[in-house]
Amino acid sequence: MRNVNNTQLNSESTFDEILLALGFASAEQIEYAALIRQSELASITKADMRAGRRARLLSEVLMDMVVVSMEDVRVCQKVQRYLRRA
């Protein structure tokens, strides 16, 4: 596992904060992926939703950008679940 940055994680920590704290992605990479996601969310129509189409999750965008792997995502999800139980 990569080194944890100085970011303090707690039960309120978001997925992107955990990614950053674990060193899986930089702030710039997360910000860029978030912009892509926002753009996708803005372009989804009601007809798209009825057809089952949706915007990608932040993790999916980052994986498509080859910033994180599925294993990185799983680790972050496990950390997030652990923090929420604490």
# chains A, B, ... in the order shown; residues from 1 in each chain; ligands from 1
call {"tool": "residues_around", "arguments": {"residues": "Val73 (chain A)", "least_positions_apart": "2", "cutoff": "12 Å", "atoms": "only C-alpha atoms", "output": "list of chain:residue names"}}
result
A:Phe15, A:Asp16, A:Ile18, A:Leu19, A:Leu20, A:Leu22, A:Gly23, A:Phe24, A:Ala25, A:Leu57, A:Leu58, A:Ser59, A:Glu60, A:Val61, A:Leu62, A:Met63, A:Val66, A:Val67, A:Val68, A:Ser69, A:Met70, A:Glu71, A:Val75, A:Cys76, A:Gln77, A:Lys78, A:Val79, A:Gln80
call {"tool": "select_by_dssp", "arguments": {"residues": "region 17-77 of chain A", "states": "alpha helix (DSSP H)", "output": "MDAnalysis selection string"}}
result
chainID A and resid 17:22 27:43 46:50 58:64 70:77
call {"tool": "residues_around", "arguments": {"residues": "Met65 (chain A)", "least_positions_apart": "6", "cutoff": "10 Å", "atoms": "only C-alpha atoms", "output": "PyMOL selection string"}}
result
chain A and resi 29+32-33+59
call {"tool": "write_last_selection", "arguments": {"atoms": "C-alpha atoms", "output": "PDB file, in the first residue's frame"}}
result
ATOM      1  CA  GLN A  29      -6.210  14.318 -11.219  1.00  0.00           C
ATOM      2  CA  TYR A  32     -10.011  16.912 -13.567  1.00  0.00           C
ATOM      3  CA  ALA A  33     -11.999  13.679 -13.165  1.00  0.00           C
ATOM      4  CA  SER A  59     -13.888   6.083  -9.591  1.00  0.00           C
TER       5      SER A  59
END
call {"tool": "atom_distance", "arguments": {"atom1": "CA of Arg53 (chain A)", "atom2": "CA of Ile36 (chain A)"}}
result
16.0 Å
call {"tool": "atom_distance", "arguments": {"atom1": "CA of Glu40 (chain A)", "atom2": "CA of Arg74 (chain A)"}}
result
23.4 Å
call {"tool": "closest_residue", "arguments": {"among": "A:Glu28, A:Asp72, A:Glu12, A:Glu17", "to": "Ala86 (chain A)", "atoms": "only C-alpha atoms"}}
result
A:Glu12
call {"tool": "closest_residue", "arguments": {"among": "A:Arg56, A:Ala21, A:Ser11, A:Arg85", "to": "Ile44 (chain A)", "atoms": "only C-alpha atoms"}}
result
A:Arg56
